[in-house]
Amino acid sequence: MTLSKHERYELALHFAKRITEYRLAKDLFTRGKSIILSPEAQVMKRFTQHGETTVFEHCVAVAKYSLLIAYSLEKLFRIEIDKDSLVRGALLHDYFLYDWHEKGQGRRFHGFTHPGVALKNADRDFDLNEIEKDIIVKHMFPLTPFLPSHRESFIVSLADKWCALAETFKIDVSSYIIYRVNFSIALTNGDYSIDYGETVAES
Ligand SMILES: [Fe+2]
Ligand SMILES: [Fe+2]
């Protein structure tokens, strides 16, 4: 079978994207694995965020785009980013642990209050540094009027808005990295019947 020039280009682009995503997933998992592998973080799979995306999937997607922005800033402007804190903060930025779609639970102001709830929960369940706390509590800027104190918080806030938009309009920008992260969890645990949320294969 002979491929046309256009087909060869499409194929090369496809593999380039896959390699980039594979490296991103590896980096993301390495930096965030103490959170990703914790039973506490897995609870986020029970709650829906935007559209059909779970909170866990949303947080993985936000960590991915935060890392992508960080790589770009480092490469183009030589701006140093604390990528460990960036990933950990992104993974926990929506750790509010309730279904915000359910009415009558005092969640009417979810958009304004959930960063504080997420920080309280995350501070209880994980050992956080100042950057990670800042990322979580200020990720809704400018909806909440608290200016991020660290560049990592600005990055996560930006990535969060992009992912929310993509998820709401069902644009697939993160299914591969979510698959890779879940695969890494299964490999690490040696448990292939792990709960993948809605995308799981039956064991
Ligand atoms: Fe949020
Ligand atoms: Fe978010």
# chains A, B, ... in the order shown; residues from 1 in each chain; ligands from 1

call {"tool": "closest_atom_pairs", "arguments": {"of": "chain A", "to": "ligand 2", "cutoff": "9 Å", "atoms": "only C-alpha atoms and all ligand atoms", "output": "CSV"}}
result
residue,atom,partner,partner_atom_place_in_ligand_line,distance
A:Gln49,CA,ligand 2,1 (Fe),7.9
A:Val55,CA,ligand 2,1 (Fe),7.8
A:His58,CA,ligand 2,1 (Fe),6.6
A:Cys59,CA,ligand 2,1 (Fe),6.5
A:Val62,CA,ligand 2,1 (Fe),7.1
A:Ala90,CA,ligand 2,1 (Fe),8.2
A:His93,CA,ligand 2,1 (Fe),6.3
A:Asp94,CA,ligand 2,1 (Fe),5.4
A:His139,CA,ligand 2,1 (Fe),7.5
A:Met140,CA,ligand 2,1 (Fe),8.0
A:Val156,CA,ligand 2,1 (Fe),8.7
A:Ser157,CA,ligand 2,1 (Fe),8.0
A:Ala159,CA,ligand 2,1 (Fe),8.5
A:Asp160,CA,ligand 2,1 (Fe),4.9
A:Lys161,CA,ligand 2,1 (Fe),7.3
A:Cys163,CA,ligand 2,1 (Fe),7.7
A:Ala164,CA,ligand 2,1 (Fe),6.7

call {"tool": "residues_around", "arguments": {"residues": "Asp84 of chain A", "least_positions_apart": "6", "cutoff": "12 Å", "atoms": "only C-alpha atoms", "output": "mmCIF file with all heavy atoms, in the first residue's frame"}}
result
data_model
loop_
_atom_site.group_PDB
_atom_site.id
_atom_site.type_symbol
_atom_site.label_atom_id
_atom_site.label_comp_id
_atom_site.auth_asym_id
_atom_site.auth_seq_id
_atom_site.Cartn_x
_atom_site.Cartn_y
_atom_site.Cartn_z
ATOM 1 N N ASP A 27 5.405 11.973 32.653
ATOM 2 C CA ASP A 27 5.856 13.057 33.524
ATOM 3 C C ASP A 27 4.785 13.376 34.576
ATOM 4 O O ASP A 27 5.080 13.523 35.761
ATOM 5 C CB ASP A 27 6.164 14.297 32.661
ATOM 6 C CG ASP A 27 6.969 15.332 33.423
ATOM 7 O OD1 ASP A 27 7.584 14.958 34.459
ATOM 8 O OD2 ASP A 27 7.001 16.502 33.010
ATOM 9 N N LEU A 28 3.544 13.456 34.095
ATOM 10 C CA LEU A 28 2.429 13.779 34.994
ATOM 11 C C LEU A 28 2.303 12.710 36.095
ATOM 12 O O LEU A 28 2.180 13.029 37.274
ATOM 13 C CB LEU A 28 1.149 13.851 34.166
ATOM 14 C CG LEU A 28 -0.120 14.434 34.797
ATOM 15 C CD1 LEU A 28 -1.049 14.909 33.687
ATOM 16 C CD2 LEU A 28 -0.855 13.456 35.668
ATOM 17 N N PHE A 29 2.373 11.443 35.686
ATOM 18 C CA PHE A 29 2.206 10.348 36.648
ATOM 19 C C PHE A 29 3.367 10.331 37.655
ATOM 20 O O PHE A 29 3.158 10.148 38.857
ATOM 21 C CB PHE A 29 2.114 9.010 35.915
ATOM 22 C CG PHE A 29 1.769 7.868 36.842
ATOM 23 C CD1 PHE A 29 0.481 7.723 37.339
ATOM 24 C CD2 PHE A 29 2.734 6.958 37.227
ATOM 25 C CE1 PHE A 29 0.158 6.691 38.204
ATOM 26 C CE2 PHE A 29 2.423 5.918 38.092
ATOM 27 C CZ PHE A 29 1.136 5.780 38.578
ATOM 28 N N THR A 30 4.589 10.554 37.166
ATOM 29 C CA THR A 30 5.754 10.547 38.055
ATOM 30 C C THR A 30 5.639 11.652 39.109
ATOM 31 O O THR A 30 5.885 11.435 40.285
ATOM 32 C CB THR A 30 7.053 10.761 37.227
ATOM 33 O OG1 THR A 30 7.068 9.786 36.197
ATOM 34 C CG2 THR A 30 8.289 10.623 38.081
ATOM 35 N N ARG A 31 5.269 12.842 38.655
ATOM 36 C CA ARG A 31 5.192 13.977 39.580
ATOM 37 C C ARG A 31 3.975 13.907 40.514
ATOM 38 O O ARG A 31 4.025 14.420 41.626
ATOM 39 C CB ARG A 31 5.127 15.294 38.789
ATOM 40 C CG ARG A 31 6.387 15.616 38.027
ATOM 41 C CD ARG A 31 6.243 16.910 37.247
ATOM 42 N NE ARG A 31 7.304 17.068 36.283
ATOM 43 C CZ ARG A 31 8.528 17.505 36.565
ATOM 44 N NH1 ARG A 31 8.836 17.825 37.794
ATOM 45 N NH2 ARG A 31 9.444 17.613 35.606
ATOM 46 N N GLY A 32 2.886 13.286 40.027
ATOM 47 C CA GLY A 32 1.657 13.311 40.831
ATOM 48 C C GLY A 32 1.274 11.981 41.426
ATOM 49 O O GLY A 32 0.175 11.843 41.967
ATOM 50 N N LYS A 33 2.190 10.985 41.365
ATOM 51 C CA LYS A 33 1.724 9.635 41.701
ATOM 52 C C LYS A 33 1.320 9.457 43.164
ATOM 53 O O LYS A 33 0.432 8.659 43.446
ATOM 54 C CB LYS A 33 2.716 8.596 41.221
ATOM 55 C CG LYS A 33 3.820 8.198 42.053
ATOM 56 C CD LYS A 33 4.585 7.091 41.360
ATOM 57 C CE LYS A 33 6.036 7.205 41.775
ATOM 58 N NZ LYS A 33 6.913 6.362 41.017
ATOM 59 N N SER A 34 1.918 10.201 44.091
ATOM 60 C CA SER A 34 1.509 10.018 45.491
ATOM 61 C C SER A 34 0.049 10.452 45.677
ATOM 62 O O SER A 34 -0.649 9.939 46.544
ATOM 63 C CB SER A 34 2.434 10.802 46.429
ATOM 64 O OG SER A 34 2.344 12.171 46.146
ATOM 65 N N ILE A 35 -0.409 11.383 44.852
ATOM 66 C CA ILE A 35 -1.821 11.787 44.915
ATOM 67 C C ILE A 35 -2.679 10.844 44.073
ATOM 68 O O ILE A 35 -3.692 10.320 44.538
ATOM 69 C CB ILE A 35 -1.985 13.242 44.415
ATOM 70 C CG1 ILE A 35 -1.351 14.206 45.421
ATOM 71 C CG2 ILE A 35 -3.460 13.577 44.186
ATOM 72 C CD1 ILE A 35 -1.267 15.637 44.956
ATOM 73 N N ALA A 63 -4.045 19.076 34.828
ATOM 74 C CA ALA A 63 -2.610 18.851 35.102
ATOM 75 C C ALA A 63 -1.841 18.727 33.784
ATOM 76 O O ALA A 63 -0.725 19.254 33.639
ATOM 77 C CB ALA A 63 -2.431 17.598 35.949
ATOM 78 N N SER A 66 -1.580 22.195 32.218
ATOM 79 C CA SER A 66 -0.681 23.010 33.047
ATOM 80 C C SER A 66 0.769 22.661 32.713
ATOM 81 O O SER A 66 1.621 23.544 32.564
ATOM 82 C CB SER A 66 -0.946 22.751 34.536
ATOM 83 O OG SER A 66 -2.264 23.110 34.866
ATOM 84 N N LEU A 67 1.041 21.367 32.573
ATOM 85 C CA LEU A 67 2.401 20.924 32.227
ATOM 86 C C LEU A 67 2.806 21.432 30.842
ATOM 87 O O LEU A 67 3.938 21.889 30.642
ATOM 88 C CB LEU A 67 2.473 19.394 32.241
ATOM 89 C CG LEU A 67 3.023 18.720 33.497
ATOM 90 C CD1 LEU A 67 3.088 17.221 33.290
ATOM 91 C CD2 LEU A 67 4.385 19.247 33.914
ATOM 92 N N ALA A 70 3.666 24.974 31.094
ATOM 93 C CA ALA A 70 4.950 25.105 31.797
ATOM 94 C C ALA A 70 6.130 24.782 30.871
ATOM 95 O O ALA A 70 7.123 25.518 30.833
ATOM 96 C CB ALA A 70 4.966 24.176 33.013
ATOM 97 N N ALA A 90 -2.688 21.062 40.536
ATOM 98 C CA ALA A 90 -3.697 20.857 39.492
ATOM 99 C C ALA A 90 -4.552 19.617 39.801
ATOM 100 O O ALA A 90 -5.776 19.630 39.627
ATOM 101 C CB ALA A 90 -3.027 20.708 38.131
ATOM 102 N N LEU A 91 -3.912 18.553 40.269
ATOM 103 C CA LEU A 91 -4.646 17.320 40.559
ATOM 104 C C LEU A 91 -5.640 17.491 41.708
ATOM 105 O O LEU A 91 -6.637 16.777 41.791
ATOM 106 C CB LEU A 91 -3.657 16.190 40.897
ATOM 107 C CG LEU A 91 -2.853 15.632 39.717
ATOM 108 C CD1 LEU A 91 -1.758 14.692 40.220
ATOM 109 C CD2 LEU A 91 -3.755 14.905 38.726
ATOM 110 N N LEU A 128 0.628 19.483 51.888
ATOM 111 C CA LEU A 128 0.724 20.484 50.815
ATOM 112 C C LEU A 128 1.742 21.573 51.137
ATOM 113 O O LEU A 128 1.864 21.985 52.285
ATOM 114 C CB LEU A 128 -0.641 21.163 50.611
ATOM 115 C CG LEU A 128 -1.855 20.279 50.336
ATOM 116 C CD1 LEU A 128 -3.111 21.150 50.283
ATOM 117 C CD2 LEU A 128 -1.690 19.518 49.036
ATOM 118 N N ASN A 129 2.422 22.072 50.091
ATOM 119 C CA ASN A 129 3.272 23.241 50.292
ATOM 120 C C ASN A 129 2.482 24.516 49.943
ATOM 121 O O ASN A 129 1.328 24.443 49.507
ATOM 122 C CB ASN A 129 4.585 23.114 49.496
ATOM 123 C CG ASN A 129 4.351 23.122 47.992
ATOM 124 O OD1 ASN A 129 3.388 23.715 47.502
ATOM 125 N ND2 ASN A 129 5.225 22.460 47.243
ATOM 126 N N ILE A 131 2.756 26.725 47.523
ATOM 127 C CA ILE A 131 2.365 26.887 46.113
ATOM 128 C C ILE A 131 1.129 26.047 45.805
ATOM 129 O O ILE A 131 0.180 26.498 45.171
ATOM 130 C CB ILE A 131 3.531 26.507 45.165
ATOM 131 C CG1 ILE A 131 4.707 27.461 45.376
ATOM 132 C CG2 ILE A 131 3.089 26.526 43.701
ATOM 133 C CD1 ILE A 131 5.936 27.145 44.544
ATOM 134 N N GLU A 132 1.133 24.815 46.276
ATOM 135 C CA GLU A 132 -0.004 23.919 46.032
ATOM 136 C C GLU A 132 -1.289 24.484 46.659
ATOM 137 O O GLU A 132 -2.363 24.454 46.043
ATOM 138 C CB GLU A 132 0.304 22.519 46.590
ATOM 139 C CG GLU A 132 1.385 21.807 45.793
ATOM 140 C CD GLU A 132 2.122 20.722 46.566
ATOM 141 O OE1 GLU A 132 1.760 20.435 47.728
ATOM 142 O OE2 GLU A 132 3.079 20.172 46.010
ATOM 143 N N GLU A 152 2.643 29.404 39.087
ATOM 144 C CA GLU A 152 2.031 28.075 38.947
ATOM 145 C C GLU A 152 0.499 28.174 39.090
ATOM 146 O O GLU A 152 -0.241 27.457 38.416
ATOM 147 C CB GLU A 152 2.597 27.105 40.012
ATOM 148 C CG GLU A 152 4.057 26.689 39.807
ATOM 149 C CD GLU A 152 5.052 27.742 40.281
ATOM 150 O OE1 GLU A 152 4.618 28.783 40.826
ATOM 151 O OE2 GLU A 152 6.266 27.530 40.088
#

call {"tool": "residues_around", "arguments": {"residues": "Ile177 of chain A", "least_positions_apart": "2", "cutoff": "12 Å", "atoms": "only C-alpha atoms", "output": "PyMOL selection string"}}
result
chain A and resi 17-29+57-65+172-175+179-184

call {"tool": "write_last_selection", "arguments": {"atoms": "N, CA and C atoms", "output": "mmCIF file, in the first residue's frame"}}
result
data_model
loop_
_atom_site.group_PDB
_atom_site.id
_atom_site.type_symbol
_atom_site.label_atom_id
_atom_site.label_comp_id
_atom_site.auth_asym_id
_atom_site.auth_seq_id
_atom_site.Cartn_x
_atom_site.Cartn_y
_atom_site.Cartn_z
ATOM 1 N N LYS A 17 1.914 13.314 17.947
ATOM 2 C CA LYS A 17 0.975 13.666 19.020
ATOM 3 C C LYS A 17 0.986 12.593 20.102
ATOM 4 N N ARG A 18 0.954 11.326 19.664
ATOM 5 C CA ARG A 18 0.934 10.211 20.609
ATOM 6 C C ARG A 18 2.196 10.211 21.479
ATOM 7 N N ILE A 19 3.371 10.436 20.856
ATOM 8 C CA ILE A 19 4.629 10.443 21.607
ATOM 9 C C ILE A 19 4.616 11.566 22.634
ATOM 10 N N THR A 20 4.149 12.752 22.221
ATOM 11 C CA THR A 20 4.079 13.890 23.135
ATOM 12 C C THR A 20 3.151 13.563 24.304
ATOM 13 N N GLU A 21 1.999 12.998 23.991
ATOM 14 C CA GLU A 21 1.040 12.655 25.034
ATOM 15 C C GLU A 21 1.618 11.579 25.956
ATOM 16 N N TYR A 22 2.344 10.624 25.370
ATOM 17 C CA TYR A 22 2.938 9.551 26.173
ATOM 18 C C TYR A 22 3.943 10.130 27.157
ATOM 19 N N ARG A 23 4.796 11.039 26.676
ATOM 20 C CA ARG A 23 5.788 11.666 27.556
ATOM 21 C C ARG A 23 5.126 12.519 28.625
ATOM 22 N N LEU A 24 4.093 13.230 28.213
ATOM 23 C CA LEU A 24 3.344 14.055 29.163
ATOM 24 C C LEU A 24 2.734 13.187 30.261
ATOM 25 N N ALA A 25 2.121 12.085 29.847
ATOM 26 C CA ALA A 25 1.460 11.198 30.805
ATOM 27 C C ALA A 25 2.483 10.624 31.783
ATOM 28 N N LYS A 26 3.663 10.280 31.257
ATOM 29 C CA LYS A 26 4.720 9.704 32.099
ATOM 30 C C LYS A 26 5.183 10.742 33.128
ATOM 31 N N ASP A 27 5.405 11.973 32.653
ATOM 32 C CA ASP A 27 5.856 13.057 33.524
ATOM 33 C C ASP A 27 4.785 13.376 34.576
ATOM 34 N N LEU A 28 3.544 13.456 34.095
ATOM 35 C CA LEU A 28 2.429 13.779 34.994
ATOM 36 C C LEU A 28 2.303 12.710 36.095
ATOM 37 N N PHE A 29 2.373 11.443 35.686
ATOM 38 C CA PHE A 29 2.206 10.348 36.648
ATOM 39 C C PHE A 29 3.367 10.331 37.655
ATOM 40 N N GLU A 57 -11.068 12.924 36.090
ATOM 41 C CA GLU A 57 -10.627 13.113 34.703
ATOM 42 C C GLU A 57 -10.333 14.585 34.416
ATOM 43 N N HIS A 58 -11.191 15.457 34.925
ATOM 44 C CA HIS A 58 -10.989 16.895 34.741
ATOM 45 C C HIS A 58 -9.649 17.333 35.353
ATOM 46 N N CYS A 59 -9.368 16.844 36.557
ATOM 47 C CA CYS A 59 -8.121 17.245 37.238
ATOM 48 C C CYS A 59 -6.893 16.729 36.486
ATOM 49 N N VAL A 60 -6.980 15.514 35.940
ATOM 50 C CA VAL A 60 -5.866 14.976 35.141
ATOM 51 C C VAL A 60 -5.667 15.842 33.895
ATOM 52 N N ALA A 61 -6.783 16.218 33.253
ATOM 53 C CA ALA A 61 -6.705 17.058 32.046
ATOM 54 C C ALA A 61 -6.084 18.417 32.372
ATOM 55 N N VAL A 62 -6.478 19.000 33.498
ATOM 56 C CA VAL A 62 -5.930 20.306 33.895
ATOM 57 C C VAL A 62 -4.431 20.178 34.195
ATOM 58 N N ALA A 63 -4.045 19.076 34.828
ATOM 59 C CA ALA A 63 -2.610 18.851 35.102
ATOM 60 C C ALA A 63 -1.841 18.727 33.784
ATOM 61 N N LYS A 64 -2.450 18.059 32.800
ATOM 62 C CA LYS A 64 -1.800 17.902 31.491
ATOM 63 C C LYS A 64 -1.555 19.272 30.839
ATOM 64 N N TYR A 65 -2.602 20.092 30.764
ATOM 65 C CA TYR A 65 -2.436 21.389 30.087
ATOM 66 C C TYR A 65 -1.570 22.346 30.902
ATOM 67 N N ASP A 172 -12.825 16.508 22.612
ATOM 68 C CA ASP A 172 -11.916 15.551 23.244
ATOM 69 C C ASP A 172 -10.472 16.064 23.195
ATOM 70 N N VAL A 173 -9.987 16.513 24.345
ATOM 71 C CA VAL A 173 -8.608 17.015 24.389
ATOM 72 C C VAL A 173 -7.754 16.239 25.386
ATOM 73 N N SER A 174 -8.346 15.221 26.024
ATOM 74 C CA SER A 174 -7.566 14.575 27.079
ATOM 75 C C SER A 174 -7.848 13.086 27.292
ATOM 76 N N SER A 175 -8.614 12.443 26.398
ATOM 77 C CA SER A 175 -8.969 11.044 26.659
ATOM 78 C C SER A 175 -7.737 10.133 26.671
ATOM 79 N N TYR A 179 -6.557 7.804 29.806
ATOM 80 C CA TYR A 179 -6.360 6.362 29.615
ATOM 81 C C TYR A 179 -4.974 5.943 30.132
ATOM 82 N N ARG A 180 -3.926 6.726 29.800
ATOM 83 C CA ARG A 180 -2.560 6.397 30.225
ATOM 84 C C ARG A 180 -2.425 6.442 31.748
ATOM 85 N N VAL A 181 -3.031 7.453 32.354
ATOM 86 C CA VAL A 181 -2.937 7.584 33.820
ATOM 87 C C VAL A 181 -3.652 6.407 34.486
ATOM 88 N N ASN A 182 -4.842 6.058 34.004
ATOM 89 C CA ASN A 182 -5.557 4.917 34.576
ATOM 90 C C ASN A 182 -4.796 3.613 34.350
ATOM 91 N N PHE A 183 -4.148 3.507 33.204
ATOM 92 C CA PHE A 183 -3.346 2.319 32.903
ATOM 93 C C PHE A 183 -2.153 2.228 33.865
ATOM 94 N N SER A 184 -1.525 3.375 34.142
ATOM 95 C CA SER A 184 -0.388 3.406 35.075
ATOM 96 C C SER A 184 -0.839 3.035 36.485
#

call {"tool": "atom_distance", "arguments": {"atom1": "atom CA of Phe47 of chain A", "atom2": "atom CA of Tyr98 of chain A"}}
result
6.7 Å

call {"tool": "closest_residue", "arguments": {"among": "A:Ser72, A:Thr188, A:Thr168, A:Ser149", "to": "Val137 of chain A", "atoms": "only C-alpha atoms"}}
result
A:Ser149

call {"tool": "atom_distance", "arguments": {"atom1": "atom CA of Ile178 of chain A", "atom2": "atom CA of Trp162 of chain A"}}
result
16.3 Å

call {"tool": "decode", "arguments": {"residues": "segment 28-81 of chain A", "atoms": "C-alpha atoms", "output": "PDB file, in the first residue's frame"}}
result
ATOM      1  CA  LEU A  28       2.429  13.779  34.994  1.00  0.00           C
ATOM      2  CA  PHE A  29       2.206  10.348  36.648  1.00  0.00           C
ATOM      3  CA  THR A  30       5.754  10.547  38.055  1.00  0.00           C
ATOM      4  CA  ARG A  31       5.192  13.977  39.580  1.00  0.00           C
ATOM      5  CA  GLY A  32       1.657  13.311  40.831  1.00  0.00           C
ATOM      6  CA  LYS A  33       1.724   9.635  41.701  1.00  0.00           C
ATOM      7  CA  SER A  34       1.509  10.018  45.491  1.00  0.00           C
ATOM      8  CA  ILE A  35      -1.821  11.787  44.915  1.00  0.00           C
ATOM      9  CA  ILE A  36      -3.035   9.773  41.905  1.00  0.00           C
ATOM     10  CA  LEU A  37      -2.482   6.436  43.672  1.00  0.00           C
ATOM     11  CA  SER A  38      -4.137   7.488  46.918  1.00  0.00           C
ATOM     12  CA  PRO A  39      -7.621   6.097  47.652  1.00  0.00           C
ATOM     13  CA  GLU A  40      -8.639   9.656  48.586  1.00  0.00           C
ATOM     14  CA  ALA A  41      -7.976  11.007  45.068  1.00  0.00           C
ATOM     15  CA  GLN A  42      -9.801   8.052  43.522  1.00  0.00           C
ATOM     16  CA  VAL A  43     -12.972   9.284  45.260  1.00  0.00           C
ATOM     17  CA  MET A  44     -13.045  12.122  42.684  1.00  0.00           C
ATOM     18  CA  LYS A  45     -14.087   9.502  40.099  1.00  0.00           C
ATOM     19  CA  ARG A  46     -17.497   9.329  41.780  1.00  0.00           C
ATOM     20  CA  PHE A  47     -18.399  12.915  40.950  1.00  0.00           C
ATOM     21  CA  THR A  48     -19.221  14.535  37.635  1.00  0.00           C
ATOM     22  CA  GLN A  49     -17.575  17.823  36.732  1.00  0.00           C
ATOM     23  CA  HIS A  50     -18.531  19.133  33.266  1.00  0.00           C
ATOM     24  CA  GLY A  51     -20.630  17.213  30.739  1.00  0.00           C
ATOM     25  CA  GLU A  52     -19.754  13.536  31.158  1.00  0.00           C
ATOM     26  CA  THR A  53     -16.314  14.161  32.613  1.00  0.00           C
ATOM     27  CA  THR A  54     -15.607  13.060  36.167  1.00  0.00           C
ATOM     28  CA  VAL A  55     -13.806  15.387  38.570  1.00  0.00           C
ATOM     29  CA  PHE A  56     -10.811  13.007  38.506  1.00  0.00           C
ATOM     30  CA  GLU A  57     -10.627  13.113  34.703  1.00  0.00           C
ATOM     31  CA  HIS A  58     -10.989  16.895  34.741  1.00  0.00           C
ATOM     32  CA  CYS A  59      -8.121  17.245  37.238  1.00  0.00           C
ATOM     33  CA  VAL A  60      -5.866  14.976  35.141  1.00  0.00           C
ATOM     34  CA  ALA A  61      -6.705  17.058  32.046  1.00  0.00           C
ATOM     35  CA  VAL A  62      -5.930  20.306  33.895  1.00  0.00           C
ATOM     36  CA  ALA A  63      -2.610  18.851  35.102  1.00  0.00           C
ATOM     37  CA  LYS A  64      -1.800  17.902  31.491  1.00  0.00           C
ATOM     38  CA  TYR A  65      -2.436  21.389  30.087  1.00  0.00           C
ATOM     39  CA  SER A  66      -0.681  23.010  33.047  1.00  0.00           C
ATOM     40  CA  LEU A  67       2.401  20.924  32.227  1.00  0.00           C
ATOM     41  CA  LEU A  68       2.146  21.837  28.539  1.00  0.00           C
ATOM     42  CA  ILE A  69       2.020  25.562  29.386  1.00  0.00           C
ATOM     43  CA  ALA A  70       4.950  25.105  31.797  1.00  0.00           C
ATOM     44  CA  TYR A  71       7.083  23.334  29.153  1.00  0.00           C
ATOM     45  CA  SER A  72       6.326  26.169  26.703  1.00  0.00           C
ATOM     46  CA  LEU A  73       7.166  28.949  29.178  1.00  0.00           C
ATOM     47  CA  GLU A  74      10.398  27.237  30.156  1.00  0.00           C
ATOM     48  CA  LYS A  75      11.428  26.657  26.568  1.00  0.00           C
ATOM     49  CA  LEU A  76      10.386  29.998  25.066  1.00  0.00           C
ATOM     50  CA  PHE A  77      11.067  32.416  27.931  1.00  0.00           C
ATOM     51  CA  ARG A  78      13.304  30.403  30.261  1.00  0.00           C
ATOM     52  CA  ILE A  79      10.805  30.946  33.075  1.00  0.00           C
ATOM     53  CA  GLU A  80      11.340  28.462  35.853  1.00  0.00           C
ATOM     54  CA  ILE A  81       8.247  26.560  36.993  1.00  0.00           C
TER      55      ILE A  81
END
